[in-house]
$ cat structure.cif   # mmCIF, C-alpha atoms
data_start
#
loop_
_atom_site.label_atom_id
_atom_site.label_comp_id
_atom_site.auth_asym_id
_atom_site.auth_seq_id
_atom_site.Cartn_x
_atom_site.Cartn_y
_atom_site.Cartn_z
CA MET X 1 -7.85 1.98 -2.00
CA ASP X 2 -10.66 -0.51 -1.65
CA PHE X 3 -11.11 -3.41 -4.02
CA MET X 4 -13.48 -6.27 -4.74
CA ILE X 5 -12.62 -9.15 -7.05
CA ASP X 6 -14.84 -12.07 -8.06
CA GLN X 7 -13.36 -15.42 -8.98
CA VAL X 8 -15.73 -17.84 -10.73
CA TYR X 9 -15.01 -21.56 -10.34
CA ALA X 10 -16.32 -24.68 -11.97
CA ALA X 11 -15.82 -26.42 -8.63
CA GLY X 12 -18.34 -26.20 -5.79
CA GLY X 13 -18.00 -23.85 -2.86
CA ASP X 14 -16.98 -26.44 -0.26
CA GLU X 15 -14.26 -27.83 -2.51
CA VAL X 16 -12.91 -24.36 -3.28
CA ALA X 17 -12.92 -23.42 0.41
CA ARG X 18 -11.01 -26.60 1.28
CA ALA X 19 -8.55 -26.02 -1.56
CA TYR X 20 -7.57 -22.57 -0.30
CA ALA X 21 -7.14 -23.98 3.20
CA SER X 22 -4.77 -26.64 1.92
CA PRO X 23 -1.05 -25.78 1.97
CA ASP X 24 -0.59 -28.14 -0.99
CA LEU X 25 -2.48 -25.77 -3.27
CA TYR X 26 0.02 -22.95 -3.04
CA ALA X 27 2.94 -24.91 -4.49
CA ARG X 28 0.75 -25.43 -7.54
CA LEU X 29 0.24 -21.70 -8.11
CA VAL X 30 3.25 -21.44 -10.40
CA GLY X 31 3.70 -19.06 -13.31
CA LEU X 32 0.93 -16.66 -12.40
CA PRO X 33 1.37 -12.98 -13.28
CA LYS X 34 2.38 -10.14 -10.99
CA LEU X 35 2.89 -12.21 -7.82
CA SER X 36 5.58 -14.82 -7.28
CA THR X 37 4.79 -18.43 -6.41
CA PRO X 38 3.51 -18.26 -2.83
CA GLU X 39 5.58 -19.80 -0.04
CA VAL X 40 3.65 -21.43 2.82
CA LEU X 41 5.33 -20.56 6.11
CA ASP X 42 2.84 -21.94 8.59
CA HIS X 43 -0.30 -24.09 8.58
CA ARG X 44 -2.47 -24.83 11.62
CA VAL X 45 -5.77 -26.66 11.82
CA ASP X 46 -8.24 -26.27 14.67
CA GLY X 47 -11.48 -28.06 13.83
CA THR X 48 -13.02 -26.26 10.88
CA THR X 49 -10.68 -23.31 11.30
CA VAL X 50 -7.43 -23.25 9.35
CA ARG X 51 -4.74 -20.63 9.77
CA LEU X 52 -2.11 -20.06 7.11
CA GLN X 53 0.87 -17.78 6.76
CA ILE X 54 1.99 -17.36 3.17
CA ARG X 55 4.72 -15.14 1.75
CA TYR X 56 4.15 -13.35 -1.54
CA ARG X 57 6.39 -11.13 -3.63
CA PHE X 58 5.13 -8.51 -6.06
CA VAL X 59 6.79 -9.05 -9.43
CA GLY X 60 4.60 -6.77 -11.55
CA ASP X 61 5.62 -3.68 -13.42
CA LEU X 62 6.16 -0.35 -11.69
CA SER X 63 6.83 2.96 -13.42
CA PRO X 64 10.39 4.32 -13.37
CA ALA X 65 9.17 7.17 -11.18
CA VAL X 66 7.99 4.64 -8.60
CA THR X 67 11.07 2.44 -8.75
CA ALA X 68 13.16 5.55 -8.19
CA VAL X 69 11.88 5.56 -4.65
CA VAL X 70 10.48 2.08 -4.01
CA ASP X 71 12.69 -0.99 -4.27
CA PRO X 72 10.56 -3.61 -6.07
CA ALA X 73 12.60 -6.37 -4.43
CA LYS X 74 11.27 -5.19 -1.07
CA LEU X 75 7.61 -5.49 -2.05
CA THR X 76 7.15 -8.75 -0.15
CA TRP X 77 4.66 -9.59 2.54
CA VAL X 78 3.26 -12.43 4.60
CA GLU X 79 -0.46 -13.05 4.29
CA HIS X 80 -1.98 -14.18 7.59
CA SER X 81 -5.29 -15.84 6.84
CA GLU X 82 -7.94 -17.55 8.91
CA HIS X 83 -10.20 -19.90 6.96
CA ASP X 84 -13.61 -20.80 8.37
CA LEU X 85 -14.45 -23.90 6.39
CA ALA X 86 -17.96 -24.15 7.82
CA ALA X 87 -18.86 -20.60 6.78
CA ARG X 88 -16.66 -20.68 3.65
CA THR X 89 -15.10 -17.39 4.62
CA VAL X 90 -11.54 -16.17 5.03
CA ARG X 91 -10.22 -13.19 6.90
CA TYR X 92 -6.73 -11.99 6.03
CA ARG X 93 -4.24 -9.29 6.71
CA LEU X 94 -0.88 -8.60 5.13
CA ALA X 95 2.29 -8.13 7.17
CA PRO X 96 4.91 -6.45 4.97
CA ASP X 97 8.49 -7.70 5.25
CA HIS X 98 9.71 -4.19 4.45
CA TYR X 99 8.04 -0.78 4.48
CA ALA X 100 6.13 -2.01 7.52
CA ASP X 101 4.89 1.45 8.45
CA ARG X 102 3.94 2.23 4.89
CA LEU X 103 1.93 -0.70 3.59
CA GLN X 104 -1.24 -1.99 5.18
CA SER X 105 -3.86 -4.34 3.82
CA SER X 106 -6.63 -6.53 5.15
CA GLY X 107 -9.84 -8.01 3.91
CA SER X 108 -11.98 -11.07 3.57
CA CYS X 109 -13.17 -13.68 1.12
CA ALA X 110 -16.57 -15.34 0.90
CA ILE X 111 -17.52 -18.28 -1.27
CA THR X 112 -21.04 -18.87 -2.55
CA ASP X 113 -22.45 -21.57 -4.79
CA ARG X 114 -23.84 -20.54 -8.15
CA THR X 115 -27.34 -21.66 -9.05
CA ASN X 116 -26.18 -23.13 -12.34
CA GLY X 117 -23.22 -24.94 -10.81
CA GLY X 118 -19.80 -23.93 -9.67
CA SER X 119 -19.06 -21.20 -7.17
CA VAL X 120 -17.95 -17.61 -6.80
CA ARG X 121 -15.23 -16.46 -4.44
CA THR X 122 -15.48 -12.76 -3.70
CA VAL X 123 -12.33 -11.13 -2.38
CA THR X 124 -12.78 -7.74 -0.77
CA GLY X 125 -10.17 -5.65 0.94
CA SER X 126 -8.37 -2.39 1.31
CA LEU X 127 -4.77 -1.52 0.57
CA GLN X 128 -2.97 1.56 1.75
CA VAL X 129 0.55 2.55 0.77
CA ARG X 130 1.74 5.49 2.73
CA ALA X 131 3.97 7.60 0.50
CA LEU X 132 3.36 11.24 -0.29
CA ILE X 133 3.75 11.18 -4.05
CA VAL X 134 3.97 7.57 -5.21
CA GLY X 135 1.63 5.85 -2.73
CA GLY X 136 -1.38 5.82 -5.03
CA ALA X 137 0.66 4.57 -7.96
CA VAL X 138 1.97 1.65 -5.89
CA GLU X 139 -1.55 0.86 -4.61
CA ARG X 140 -2.92 0.77 -8.14
CA ALA X 141 -0.07 -1.38 -9.40
CA ILE X 142 -0.51 -3.93 -6.60
CA VAL X 143 -4.32 -4.10 -6.87
CA SER X 144 -4.16 -4.32 -10.66
CA GLY X 145 -1.61 -7.09 -10.34
CA LEU X 146 -3.72 -8.85 -7.74
CA LYS X 147 -6.75 -8.81 -10.05
CA GLU X 148 -4.74 -10.30 -12.88
CA HIS X 149 -3.19 -12.87 -10.57
CA LEU X 150 -6.50 -13.96 -9.04
CA SER X 151 -8.11 -14.21 -12.46
CA ASP X 152 -5.42 -16.58 -13.72
CA GLU X 153 -5.42 -18.46 -10.41
CA VAL X 154 -8.93 -19.82 -11.03
CA ALA X 155 -7.90 -22.46 -13.59
CA LEU X 156 -5.16 -23.78 -11.34
CA VAL X 157 -7.50 -24.03 -8.34
CA ASP X 158 -10.15 -25.83 -10.40
CA ARG X 159 -7.47 -28.25 -11.59
CA PHE X 160 -6.26 -28.79 -8.01
CA VAL X 161 -9.81 -29.57 -6.90
CA ALA X 162 -10.32 -31.96 -9.81
CA ASP X 163 -7.05 -33.76 -9.08
CA HIS X 164 -7.99 -34.20 -5.41
CA ALA X 165 -11.46 -35.48 -6.27
CA ARG X 166 -10.00 -38.50 -8.05
CA MET N 1 -0.47 20.54 17.26
CA THR N 2 2.17 18.13 18.38
CA PRO N 3 2.91 14.90 16.56
CA ARG N 4 3.72 13.03 19.74
CA GLY N 5 1.26 10.52 21.07
CA ARG N 6 -1.78 11.73 19.17
CA GLY N 7 -3.38 10.34 16.08
CA ARG N 8 -0.20 8.45 15.30
CA ASP N 9 -1.76 5.60 13.37
CA ASN N 10 -3.87 7.93 11.30
CA ARG N 11 -0.79 9.92 10.45
CA ILE N 12 0.96 6.79 9.31
CA MET N 13 -1.83 5.29 7.26
CA GLY N 14 -3.96 8.30 6.36
CA ASP N 15 -3.21 10.57 3.43
CA PRO N 16 0.40 11.67 3.98
CA LEU N 17 -0.52 15.09 2.64
CA ASP N 18 -2.33 15.84 5.91
CA PHE N 19 0.91 15.21 7.76
CA TYR N 20 2.71 17.86 5.71
CA LEU N 21 -0.13 20.38 5.88
CA ASP N 22 0.05 20.31 9.69
CA GLU N 23 1.65 23.55 10.87
CA GLY N 24 2.95 22.00 14.09
CA GLY N 25 4.19 18.78 12.55
CA TRP N 26 7.19 17.90 10.49
CA PRO N 27 9.99 18.99 10.54
CA TYR N 28 9.99 18.63 14.31
CA PRO N 29 11.14 21.63 16.34
CA ASP N 30 13.93 19.84 18.19
CA GLU N 31 15.29 18.09 15.16
CA ASP N 32 18.35 20.28 14.83
CA VAL N 33 18.79 21.54 18.37
CA ASP N 34 20.89 18.76 19.86
CA GLY N 35 21.58 16.67 16.83
CA ASP N 36 18.87 14.17 17.72
CA ALA N 37 15.99 13.75 15.36
CA GLY N 38 12.66 14.74 16.87
CA GLY N 39 9.30 13.07 16.44
CA PRO N 40 8.39 9.40 16.41
CA ALA N 41 10.97 7.23 14.65
CA ASP N 42 8.44 5.69 12.26
CA LEU N 43 7.18 9.09 11.14
CA ARG N 44 10.75 10.29 10.71
CA ALA N 45 11.48 7.29 8.52
CA ILE N 46 8.41 7.95 6.41
CA SER N 47 9.19 11.63 5.97
CA ASP N 48 12.77 10.71 5.08
CA ASP N 49 11.46 8.41 2.36
CA ASP N 50 9.15 11.12 1.06
CA LEU N 51 12.11 13.50 0.87
CA VAL N 52 14.14 10.91 -1.00
CA ALA N 53 11.24 10.56 -3.43
CA LEU N 54 10.90 14.29 -3.97
CA HIS N 55 14.62 14.73 -4.47
CA ALA N 56 14.71 11.80 -6.86
CA LEU N 57 11.84 13.17 -8.88
CA SER N 58 12.83 16.85 -8.90
CA PRO N 59 13.65 19.23 -10.49
CA HIS N 60 12.16 18.00 -13.77
CA PHE N 61 9.16 16.60 -11.93
CA LEU N 62 8.28 20.11 -10.69
CA ASP N 63 7.93 21.54 -14.20
CA GLY N 64 4.17 21.17 -14.14
CA LEU N 65 3.79 23.41 -11.10
CA THR N 66 3.13 27.12 -11.14
CA GLU N 67 5.90 29.40 -9.89
CA ALA N 68 4.13 29.90 -6.56
CA GLU N 69 3.45 26.19 -6.12
CA ARG N 70 7.05 25.34 -6.90
CA ALA N 71 8.28 27.91 -4.38
CA VAL N 72 6.13 26.38 -1.65
CA VAL N 73 7.21 22.80 -2.41
CA VAL N 74 10.89 23.74 -2.62
CA ALA N 75 10.73 25.64 0.68
CA ARG N 76 8.61 23.07 2.53
CA PHE N 77 10.79 20.11 1.59
CA GLY N 78 14.16 21.87 1.29
CA LEU N 79 14.56 20.90 -2.35
CA GLY N 80 16.83 23.84 -3.06
CA GLY N 81 19.48 22.53 -0.69
CA ALA N 82 18.18 24.42 2.35
CA GLU N 83 16.64 22.78 5.41
CA PRO N 84 12.96 21.91 5.14
CA MET N 85 10.69 24.57 6.64
CA THR N 86 7.57 24.32 8.74
CA MET N 87 4.37 25.56 7.15
CA SER N 88 4.59 28.74 9.23
CA GLN N 89 8.15 29.37 8.09
CA VAL N 90 7.17 28.83 4.46
CA ALA N 91 4.32 31.32 4.80
CA ASP N 92 6.56 33.90 6.48
CA THR N 93 9.41 33.43 4.04
CA LEU N 94 7.24 33.68 0.95
CA GLY N 95 5.02 36.42 2.40
CA MET N 96 1.87 34.37 2.03
CA SER N 97 -1.03 33.74 4.35
CA PRO N 98 -1.05 30.32 6.03
CA TRP N 99 -4.30 29.59 4.22
CA ARG N 100 -2.76 30.30 0.80
CA THR N 101 0.37 28.34 1.67
CA ARG N 102 -1.70 25.30 2.59
CA GLY N 103 -3.74 25.63 -0.57
CA LEU N 104 -0.68 25.87 -2.78
CA LEU N 105 0.97 22.86 -1.13
CA ALA N 106 -2.19 20.78 -1.49
CA GLU N 107 -2.53 21.78 -5.14
CA SER N 108 1.12 21.02 -5.78
CA ILE N 109 0.94 17.53 -4.35
CA ALA N 110 -2.26 16.84 -6.29
CA THR N 111 -0.48 17.91 -9.48
CA LEU N 112 2.59 15.80 -8.74
CA ARG N 113 0.43 12.77 -8.00
CA SER N 114 -1.48 13.38 -11.20
CA THR N 115 1.80 13.51 -13.08
CA LEU N 116 2.40 9.97 -11.91
CA GLY N 117 -1.04 9.02 -13.20
CA GLU N 118 -2.55 8.86 -9.77
CA THR N 119 -6.19 9.65 -9.25
CA PRO N 120 -6.38 12.55 -6.78
#
$ encode --input "structure.cif" --output "C-alpha cells"
Amino acid sequence: MDFMIDQVYAAGGDEVARAYASPDLYARLVGLPKLSTPEVLDHRVDGTTVRLQIRYRFVGDLSPAVTAVVDPAKLTWVEHSEHDLAARTVRYRLAPDHYADRLQSSGSCAITDRTNGGSVRTVTGSLQVRALIVGGAVERAIVSGLKEHLSDEVALVDRFVADHAR
Amino acid sequence: MTPRGRGRDNRIMGDPLDFYLDEGGWPYPDEDVDGDAGGPADLRAISDDDLVALHALSPHFLDGLTEAERAVVVARFGLGGAEPMTMSQVADTLGMSPWRTRGLLAESIATLRSTLGETP
C-alpha cells in the first residue's frame, strides 16, 4: 500500500533536515507509539550527503489472527536513508531483519518551508507485505503505526532543534 | 507456465493470490518425486508460510465461504490433510472448469481477507 504523511514543524526546513541527518536525534525519540526507540547502526557524511542506517522494531498491536502467523518480535528492519541536506530530501528503503522476501518498503521525504513560519516534512512511500491472507492486515497495522509514530515524533524533533539552537 | 527464472520478483512482491491462481505454479511438479522440494527456495518458504497461516486460521476461518469455495480452498491448499493440489487437479477433482475454479479461489481469498478486515 502507498502512503503519504505530513509532519508540521515549528522549526525551519534547514534545521529539520539537519536534525534528521544527525544520529543524536534518534536517541531522543523515546516513548513514541508503535515503533521502538530507533537504534543508529551507521552514520556517514559526505559533503551535504548523509547516510544513516537505523534499526526499528514494530511494537504496535496486531490482531490475534495475524499474530497466529506472524511473530511480532520479528517485525524489525533497518532503514537505509540518504539525506541530501542541500535539497532537503531523503530517500530511504527498509531492509527487514526477518521475512526478507515478504516485506518491502521504500520512499522519500521532502521538507518545505511554510509561508507563515515553520516547515512541513512530507513522507511518501510504499509498503508491501507478501502474505496470502494476512499481508494487507500487516501493511495497514504498520502504516497506521507509522502515522501515529511520526505525528508524535514532531514535538521531540522540534525540541531537539530548539536545544541545538542554544 | 513455469515458476523458474521468470517474473520471480513480481511473484514475491506482487499479490500472492496471482501465484496461487497460476495453473503451472505451486505446488511444483517435482516436489514429491525425489524428496527434494521444487521451485525457488524463497517462493517455497513463502508458500510454506501461507500454508501455516491457512492451517492456523482454519477450519473456523472458512465458515464464511460457500460450500464450493471451501471445497476449492481445502483442495488447493491441502487443508483436509491431503497434499495440496495444482489448479488443474482441483478442477478435475471437483469436476469444475478451470475458469470456475480460478473464480472460486479468487472469491474465497477475497472473503478470507475481508474477514481479517482487509480491504480487497
$ atom_distance --input "structure.cif" --atom1 "CA of Ala91 (chain N)" --atom2 "CA of Val72 (chain N)"
8.3 Å
$ resolve_selection --input "structure.cif" --expression "the PyMOL selection byres ((chain X) within 9 of (chain N))" --output "PyMOL selection string"
chain X and resi 63+65-66+68-70+99+101-104+128-137+140
$ residues_around --input "structure.cif" --residues "region 75-78 of chain N" --least-positions-apart "2" --cutoff "10 Å" --atoms "all atoms listed in the file" --output "PyMOL selection string"
chain N and resi 20-21+26-27+47+50-51+54-55+69-73+80-91+93-94+101+105
$ residues_around --input "structure.cif" --residues "Pro38 (chain X)" --least-positions-apart "5" --cutoff "7 Å" --atoms "all atoms listed in the file" --output "PyMOL selection string"
chain X and resi 26-27+54-56
$ atom_distance --input "structure.cif" --atom1 "CA of Gly117 (chain X)" --atom2 "CA of Phe160 (chain X)"
17.6 Å
$ atom_distance --input "structure.cif" --atom1 "CA of Asp48 (chain N)" --atom2 "CA of His80 (chain X)"
29.0 Å
$ closest_residue --input "structure.cif" --among "X:Ala87, X:Val40, X:Ala100, X:Leu146" --to "Arg18 (chain X)" --atoms "all atoms listed in the file"
X:Ala87
$ closest_residue --input "structure.cif" --among "X:Met1, X:Ala162, X:Leu25, X:Ala155" --to "Glu39 (chain X)" --atoms "all atoms listed in the file"
X:Leu25
$ resolve_selection --input "structure.cif" --expression "the PyMOL selection byres ((chain X and resi 158) around 12)" --output "ChimeraX atom specification"
/X:7-13,15-20,25,28-29,118-120,151-157,159-165
$ decode --input "structure.cif" --residues "region 89-114 of chain X" --atoms "C-alpha atoms" --output "PDB file, in the first residue's frame"
ATOM      1  CA  THR X  89      15.238  15.455   0.709  1.00  0.00           C
ATOM      2  CA  VAL X  90      15.701  11.923   1.959  1.00  0.00           C
ATOM      3  CA  ARG X  91      15.487   8.657   0.097  1.00  0.00           C
ATOM      4  CA  TYR X  92      15.033   5.506   2.147  1.00  0.00           C
ATOM      5  CA  ARG X  93      14.463   1.823   1.883  1.00  0.00           C
ATOM      6  CA  LEU X  94      13.789  -0.755   4.558  1.00  0.00           C
ATOM      7  CA  ALA X  95      15.796  -3.955   4.881  1.00  0.00           C
ATOM      8  CA  PRO X  96      13.850  -6.406   7.051  1.00  0.00           C
ATOM      9  CA  ASP X  97      15.814  -8.446   9.585  1.00  0.00           C
ATOM     10  CA  HIS X  98      13.311 -11.280   9.136  1.00  0.00           C
ATOM     11  CA  TYR X  99      10.701 -12.064   6.494  1.00  0.00           C
ATOM     12  CA  ALA X 100      13.159 -10.635   3.984  1.00  0.00           C
ATOM     13  CA  ASP X 101      11.278 -11.993   0.988  1.00  0.00           C
ATOM     14  CA  ARG X 102       7.964 -10.846   2.365  1.00  0.00           C
ATOM     15  CA  LEU X 103       8.368  -7.237   3.429  1.00  0.00           C
ATOM     16  CA  GLN X 104       9.483  -4.444   1.140  1.00  0.00           C
ATOM     17  CA  SER X 105       9.307  -0.706   1.600  1.00  0.00           C
ATOM     18  CA  SER X 106      10.926   2.380   0.159  1.00  0.00           C
ATOM     19  CA  GLY X 107      10.117   6.021  -0.225  1.00  0.00           C
ATOM     20  CA  SER X 108      11.269   9.563   0.200  1.00  0.00           C
ATOM     21  CA  CYS X 109      10.861  12.646   2.338  1.00  0.00           C
ATOM     22  CA  ALA X 110      10.847  16.282   1.268  1.00  0.00           C
ATOM     23  CA  ILE X 111      10.921  19.305   3.530  1.00  0.00           C
ATOM     24  CA  THR X 112       9.438  22.660   2.566  1.00  0.00           C
ATOM     25  CA  ASP X 113       9.176  25.910   4.485  1.00  0.00           C
ATOM     26  CA  ARG X 114       5.725  27.188   5.350  1.00  0.00           C
TER      27      ARG X 114
END
